[in-house]
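To keep things clear, I will list the structure first and then write my remarks on it.
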Amino acid sequence: MSNVHLINHPLVQHKLTLMRRKDASTNTFRRLLNELSSLMAYEVTRDMAMQDVEIETPLETMTAKVIDGKKLVFVSILRAGNGILEGMLSVVPGARVGHVGLYRDPKTLTAVEYYFKMPKDMEERDVVIVDPMLATGNSAIAAVERLKELNPKSIKFVCLLTCPEGVAALQAAHPDVAIYTAAIDRQLNSHGYIVPGLGDAGDRIFGTQ
Ligand code: URA
């Protein structure tokens, strides 16, 4: 688990617990996911490159630091990844956004691509892939493989929840991709769900149960 960042800040853990509860409404779930995503954005951008700019304060001229948000791309794995975008963009509003459409074949649990749209000049950009659940790892692995074809400067993966099987699969396929998560749950069940988990993240975000 060398490249795994467990975000155990009390605010993150508290909000995650509220989201896990089966009686959390769609509205509550979505609001908490937004808040949690902003908090996770702080962690994932901790080592972002900065540059010096000259500015004038009311008192004098100084050299100060800024980040170049436009070089960052949040890549959402559809559809549940979209639930993380708003919170992340509230912290880095200048970031670009890409989308990867992958669905899980219900029989084989493998990832099948149906959509792929990225900003241009990907080789100049740092990529943060977002998907609330890193379960089998199949979607994450497929998304990283596809993105590596565009040769970005770096790739990180952010999820709310994962399990030992998901971490092991993604790390085995892409050991260079750092994983940021708020929890590593007990296991994957035979239907490909994380337990204890929080259920189907997409259904809970969009109210489609
Ligand atoms: N996707 C989900 O939404 N939930 C899980 O537990 C696993 C995959």
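Naming scheme: A, B, ... for chains in displayed order of the structure tokens; residues 1 onward per chain; ligands 1 onward as shown.
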Can you tell me, as a VMD selection string, what residues are no more than 8 Å from Met122 (chain A) when counting only C-alpha atoms, ignoring any on the same chain fewer than 3 positions away? chain A and resid 118 to 119 125 to 126 150 to 153
Sorted per-residue table, chain A near ligand 1, closest atoms and distance, 10 Å, only C-alpha atoms and all ligand atoms, as JSON lines:
```
{"residue": "A:Arg79", "atom": "CA", "partner": "ligand 1", "partner_atom_place_in_ligand_line": "3 (O)", "distance": 9.9}
{"residue": "A:Ala80", "atom": "CA", "partner": "ligand 1", "partner_atom_place_in_ligand_line": "3 (O)", "distance": 7.4}
{"residue": "A:Arg104", "atom": "CA", "partner": "ligand 1", "partner_atom_place_in_ligand_line": "8 (C)", "distance": 9.1}
{"residue": "A:Leu109", "atom": "CA", "partner": "ligand 1", "partner_atom_place_in_ligand_line": "8 (C)", "distance": 9.9}
{"residue": "A:Asp131", "atom": "CA", "partner": "ligand 1", "partner_atom_place_in_ligand_line": "1 (N)", "distance": 9.0}
{"residue": "A:Pro132", "atom": "CA", "partner": "ligand 1", "partner_atom_place_in_ligand_line": "3 (O)", "distance": 7.3}
{"residue": "A:Met133", "atom": "CA", "partner": "ligand 1", "partner_atom_place_in_ligand_line": "1 (N)", "distance": 5.3}
{"residue": "A:Leu134", "atom": "CA", "partner": "ligand 1", "partner_atom_place_in_ligand_line": "8 (C)", "distance": 6.7}
{"residue": "A:Ala135", "atom": "CA", "partner": "ligand 1", "partner_atom_place_in_ligand_line": "7 (C)", "distance": 4.9}
{"residue": "A:Thr136", "atom": "CA", "partner": "ligand 1", "partner_atom_place_in_ligand_line": "8 (C)", "distance": 7.5}
{"residue": "A:Gly137", "atom": "CA", "partner": "ligand 1", "partner_atom_place_in_ligand_line": "8 (C)", "distance": 9.1}
{"residue": "A:Ser139", "atom": "CA", "partner": "ligand 1", "partner_atom_place_in_ligand_line": "8 (C)", "distance": 9.7}
{"residue": "A:Leu161", "atom": "CA", "partner": "ligand 1", "partner_atom_place_in_ligand_line": "6 (O)", "distance": 8.4}
{"residue": "A:Thr162", "atom": "CA", "partner": "ligand 1", "partner_atom_place_in_ligand_line": "7 (C)", "distance": 8.3}
{"residue": "A:Cys163", "atom": "CA", "partner": "ligand 1", "partner_atom_place_in_ligand_line": "6 (O)", "distance": 9.3}
{"residue": "A:Gly166", "atom": "CA", "partner": "ligand 1", "partner_atom_place_in_ligand_line": "7 (C)", "distance": 9.7}
{"residue": "A:Asp185", "atom": "CA", "partner": "ligand 1", "partner_atom_place_in_ligand_line": "6 (O)", "distance": 9.8}
{"residue": "A:Gln187", "atom": "CA", "partner": "ligand 1", "partner_atom_place_in_ligand_line": "6 (O)", "distance": 9.7}
{"residue": "A:Leu188", "atom": "CA", "partner": "ligand 1", "partner_atom_place_in_ligand_line": "6 (O)", "distance": 7.6}
{"residue": "A:Asn189", "atom": "CA", "partner": "ligand 1", "partner_atom_place_in_ligand_line": "6 (O)", "distance": 8.5}
{"residue": "A:His191", "atom": "CA", "partner": "ligand 1", "partner_atom_place_in_ligand_line": "7 (C)", "distance": 8.5}
{"residue": "A:Gly192", "atom": "CA", "partner": "ligand 1", "partner_atom_place_in_ligand_line": "7 (C)", "distance": 5.8}
{"residue": "A:Tyr193", "atom": "CA", "partner": "ligand 1", "partner_atom_place_in_ligand_line": "6 (O)", "distance": 3.4}
{"residue": "A:Ile194", "atom": "CA", "partner": "ligand 1", "partner_atom_place_in_ligand_line": "6 (O)", "distance": 3.8}
{"residue": "A:Val195", "atom": "CA", "partner": "ligand 1", "partner_atom_place_in_ligand_line": "6 (O)", "distance": 6.6}
{"residue": "A:Pro196", "atom": "CA", "partner": "ligand 1", "partner_atom_place_in_ligand_line": "6 (O)", "distance": 8.2}
{"residue": "A:Gly197", "atom": "CA", "partner": "ligand 1", "partner_atom_place_in_ligand_line": "6 (O)", "distance": 5.6}
{"residue": "A:Leu198", "atom": "CA", "partner": "ligand 1", "partner_atom_place_in_ligand_line": "6 (O)", "distance": 6.4}
{"residue": "A:Gly199", "atom": "CA", "partner": "ligand 1", "partner_atom_place_in_ligand_line": "4 (N)", "distance": 5.0}
{"residue": "A:Asp200", "atom": "CA", "partner": "ligand 1", "partner_atom_place_in_ligand_line": "3 (O)", "distance": 3.3}
{"residue": "A:Ala201", "atom": "CA", "partner": "ligand 1", "partner_atom_place_in_ligand_line": "3 (O)", "distance": 3.8}
{"residue": "A:Gly202", "atom": "CA", "partner": "ligand 1", "partner_atom_place_in_ligand_line": "3 (O)", "distance": 5.6}
{"residue": "A:Asp203", "atom": "CA", "partner": "ligand 1", "partner_atom_place_in_ligand_line": "3 (O)", "distance": 7.4}
{"residue": "A:Arg204", "atom": "CA", "partner": "ligand 1", "partner_atom_place_in_ligand_line": "3 (O)", "distance": 8.3}
{"residue": "A:Ile205", "atom": "CA", "partner": "ligand 1", "partner_atom_place_in_ligand_line": "3 (O)", "distance": 9.6}
```
Considering only C-alpha atoms, tabulate each residue of region 151-206 of chain A that lies at most 8 Å from region 39-45 of chain A along with its nearest interatomic pair and the corresponding distance in Å to one decimal; arrange the rows by chain and ascending residue number and present them as CSV.
```
residue,atom,partner,partner_atom,distance
A:Lys156,CA,A:Val44,CA,7.9
A:Val158,CA,A:Val44,CA,7.8
A:Tyr180,CA,A:Val44,CA,7.0
```
Enumerate as a PyMOL selection string all residues of region 41-183 of chain A assigned to helix (DSSP H, G or I) by DSSP on the backbone, naming them with the chain letters and numbers the document uses. chain A and resi 41-44+69-71+82-91+122-124+138-148+164-173
Pairwise distance for CA of Phe116 (chain A) and CA of Phe157 (chain A), rounded to one decimal in Å: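 Separation of CA of Phe116 (chain A) and CA of Phe157 (chain A): 17.0 Å.
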How many Å separate CA of Leu78 (chain A) from CA of Val130 (chain A)?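 CA of Val130 (chain A) lies at a distance of 9.3 Å from CA of Leu78 (chain A).
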Spatial neighbours of Ser38 (chain A), 12 Å, only C-alpha atoms, chain gap at least 6 places, as a PyMOL selection string: chain A and resi 11-12+15+31-32+44-45+83-93+158+160
For the residues in that selection, give me C-alpha atoms as a compact mmCIF listing (two decimals), in the first residue's frame.
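File selection_36.txt, as written:
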```txt
# COMPACT_ATOMS: atom_id res chain seq x y z
CA LEU A 11 -14.25 16.14 8.95
CA VAL A 12 -13.80 13.68 6.10
CA LYS A 15 -19.14 13.16 6.55
CA ARG A 31 -24.47 17.64 -0.36
CA LEU A 32 -22.09 15.58 1.78
CA VAL A 44 -4.75 15.71 -3.75
CA THR A 45 -3.47 19.17 -4.71
CA GLY A 83 -20.74 13.61 -8.10
CA ILE A 84 -17.17 14.53 -7.11
CA LEU A 85 -16.56 17.20 -9.75
CA GLU A 86 -18.46 20.11 -8.26
CA GLY A 87 -16.71 19.92 -4.90
CA MET A 88 -13.28 19.63 -6.54
CA LEU A 89 -14.00 22.53 -8.92
CA SER A 90 -15.08 24.75 -6.03
CA VAL A 91 -11.48 24.50 -4.78
CA VAL A 92 -9.73 24.62 -8.20
CA PRO A 93 -12.17 26.53 -10.41
CA VAL A 158 -9.33 9.84 -6.01
CA LEU A 160 -14.30 7.99 -1.41
```
To one decimal place, how far is CA of Lys117 (chain A) from CA of Leu102 (chain A) in Å?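 CA of Lys117 (chain A) sits 12.1 Å away from CA of Leu102 (chain A).
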Check region 9-113 of chain A with DSSP on the backbone and list each residue it calls strand (DSSP E), as number ranges by chain. A: 50-56, 61-67, 72-78, 96-104, 111-113
Dump as an mmCIF file, in the first residue's frame, selection limited to N, CA and C atoms:
```
data_model
loop_
_atom_site.group_PDB
_atom_site.id
_atom_site.type_symbol
_atom_site.label_atom_id
_atom_site.label_comp_id
_atom_site.auth_asym_id
_atom_site.auth_seq_id
_atom_site.Cartn_x
_atom_site.Cartn_y
_atom_site.Cartn_z
ATOM 1 N N MET A 50 3.782 25.369 -8.246
ATOM 2 C CA MET A 50 3.409 26.772 -8.094
ATOM 3 C C MET A 50 4.373 27.633 -8.881
ATOM 4 N N GLN A 51 3.936 28.833 -9.180
ATOM 5 C CA GLN A 51 4.851 29.762 -9.832
ATOM 6 C C GLN A 51 4.804 31.110 -9.125
ATOM 7 N N ASP A 52 5.884 31.899 -9.345
ATOM 8 C CA ASP A 52 5.963 33.226 -8.722
ATOM 9 C C ASP A 52 5.328 34.266 -9.629
ATOM 10 N N VAL A 53 4.556 35.152 -9.022
ATOM 11 C CA VAL A 53 4.053 36.313 -9.777
ATOM 12 C C VAL A 53 4.328 37.564 -8.948
ATOM 13 N N GLU A 54 4.497 38.659 -9.657
ATOM 14 C CA GLU A 54 4.704 39.921 -8.951
ATOM 15 C C GLU A 54 3.347 40.600 -8.781
ATOM 16 N N ILE A 55 3.020 40.991 -7.553
ATOM 17 C CA ILE A 55 1.742 41.659 -7.297
ATOM 18 C C ILE A 55 1.981 42.911 -6.453
ATOM 19 N N GLU A 56 0.961 43.745 -6.402
ATOM 20 C CA GLU A 56 1.063 44.922 -5.535
ATOM 21 C C GLU A 56 0.042 44.801 -4.423
ATOM 22 N N THR A 61 5.155 46.271 -3.523
ATOM 23 C CA THR A 61 5.209 45.200 -4.517
ATOM 24 C C THR A 61 5.848 43.978 -3.875
ATOM 25 N N MET A 62 5.326 42.810 -4.199
ATOM 26 C CA MET A 62 5.943 41.587 -3.660
ATOM 27 C C MET A 62 5.856 40.462 -4.678
ATOM 28 N N THR A 63 6.706 39.430 -4.500
ATOM 29 C CA THR A 63 6.637 38.228 -5.311
ATOM 30 C C THR A 63 5.845 37.201 -4.518
ATOM 31 N N ALA A 64 4.767 36.692 -5.101
ATOM 32 C CA ALA A 64 3.891 35.761 -4.376
ATOM 33 C C ALA A 64 3.625 34.522 -5.229
ATOM 34 N N LYS A 65 3.087 33.508 -4.602
ATOM 35 C CA LYS A 65 2.882 32.211 -5.280
ATOM 36 C C LYS A 65 1.459 32.086 -5.815
ATOM 37 N N VAL A 66 1.342 31.465 -6.990
ATOM 38 C CA VAL A 66 0.020 31.069 -7.505
ATOM 39 C C VAL A 66 0.140 29.675 -8.124
ATOM 40 N N ILE A 67 -0.989 28.967 -8.163
ATOM 41 C CA ILE A 67 -0.999 27.697 -8.884
ATOM 42 C C ILE A 67 -1.655 27.931 -10.238
ATOM 43 N N LEU A 72 -4.426 21.517 -14.539
ATOM 44 C CA LEU A 72 -4.985 20.359 -13.854
ATOM 45 C C LEU A 72 -6.259 19.902 -14.578
ATOM 46 N N VAL A 73 -6.390 18.600 -14.753
ATOM 47 C CA VAL A 73 -7.614 18.054 -15.355
ATOM 48 C C VAL A 73 -8.243 17.079 -14.386
ATOM 49 N N PHE A 74 -9.489 17.327 -14.027
ATOM 50 C CA PHE A 74 -10.248 16.329 -13.289
ATOM 51 C C PHE A 74 -10.946 15.460 -14.317
ATOM 52 N N VAL A 75 -10.719 14.157 -14.234
ATOM 53 C CA VAL A 75 -11.350 13.235 -15.179
ATOM 54 C C VAL A 75 -12.370 12.403 -14.424
ATOM 55 N N SER A 76 -13.621 12.591 -14.798
ATOM 56 C CA SER A 76 -14.709 11.874 -14.130
ATOM 57 C C SER A 76 -14.990 10.561 -14.850
ATOM 58 N N ILE A 77 -15.036 9.481 -14.082
ATOM 59 C CA ILE A 77 -15.509 8.217 -14.646
ATOM 60 C C ILE A 77 -17.031 8.239 -14.487
ATOM 61 N N LEU A 78 -17.720 8.300 -15.628
ATOM 62 C CA LEU A 78 -19.181 8.417 -15.618
ATOM 63 C C LEU A 78 -19.820 7.153 -15.063
ATOM 64 N N ARG A 96 -9.485 22.024 -15.825
ATOM 65 C CA ARG A 96 -10.235 21.491 -16.961
ATOM 66 C C ARG A 96 -10.920 20.192 -16.513
ATOM 67 N N VAL A 97 -11.864 19.728 -17.323
ATOM 68 C CA VAL A 97 -12.603 18.509 -16.962
ATOM 69 C C VAL A 97 -12.669 17.566 -18.159
ATOM 70 N N GLY A 98 -12.357 16.306 -17.930
ATOM 71 C CA GLY A 98 -12.527 15.272 -18.948
ATOM 72 C C GLY A 98 -13.534 14.245 -18.455
ATOM 73 N N HIS A 99 -14.091 13.470 -19.386
ATOM 74 C CA HIS A 99 -15.043 12.421 -19.010
ATOM 75 C C HIS A 99 -14.674 11.107 -19.683
ATOM 76 N N VAL A 100 -14.756 10.040 -18.922
ATOM 77 C CA VAL A 100 -14.604 8.693 -19.474
ATOM 78 C C VAL A 100 -15.891 7.947 -19.162
ATOM 79 N N GLY A 101 -16.522 7.412 -20.196
ATOM 80 C CA GLY A 101 -17.730 6.613 -19.988
ATOM 81 C C GLY A 101 -17.373 5.141 -20.009
ATOM 82 N N LEU A 102 -17.572 4.491 -18.888
ATOM 83 C CA LEU A 102 -17.276 3.065 -18.771
ATOM 84 C C LEU A 102 -18.443 2.420 -18.046
ATOM 85 N N TYR A 103 -18.953 1.329 -18.555
ATOM 86 C CA TYR A 103 -19.943 0.622 -17.742
ATOM 87 C C TYR A 103 -19.419 -0.759 -17.389
ATOM 88 N N ARG A 104 -19.936 -1.255 -16.267
ATOM 89 C CA ARG A 104 -19.495 -2.570 -15.797
ATOM 90 C C ARG A 104 -20.364 -3.626 -16.433
ATOM 91 N N ALA A 111 -14.738 -3.608 -17.560
ATOM 92 C CA ALA A 111 -15.126 -2.257 -17.971
ATOM 93 C C ALA A 111 -15.217 -2.170 -19.490
ATOM 94 N N VAL A 112 -16.328 -1.599 -19.970
ATOM 95 C CA VAL A 112 -16.518 -1.407 -21.411
ATOM 96 C C VAL A 112 -16.637 0.103 -21.668
ATOM 97 N N GLU A 113 -15.779 0.647 -22.574
ATOM 98 C CA GLU A 113 -15.783 2.097 -22.816
ATOM 99 C C GLU A 113 -16.866 2.493 -23.814
#
```
Nearest to Pro175 (chain A) among A:Ile141, A:Met19, A:Ile7, A:Ala24, with distances taken over only C-alpha atoms: which residue is it? A:Ile141
Which residue, A:Ala140, A:Glu149, A:Lys22, A:Leu36, has the smallest gap to His9 (chain A) when you use only C-alpha atoms? A:Leu36
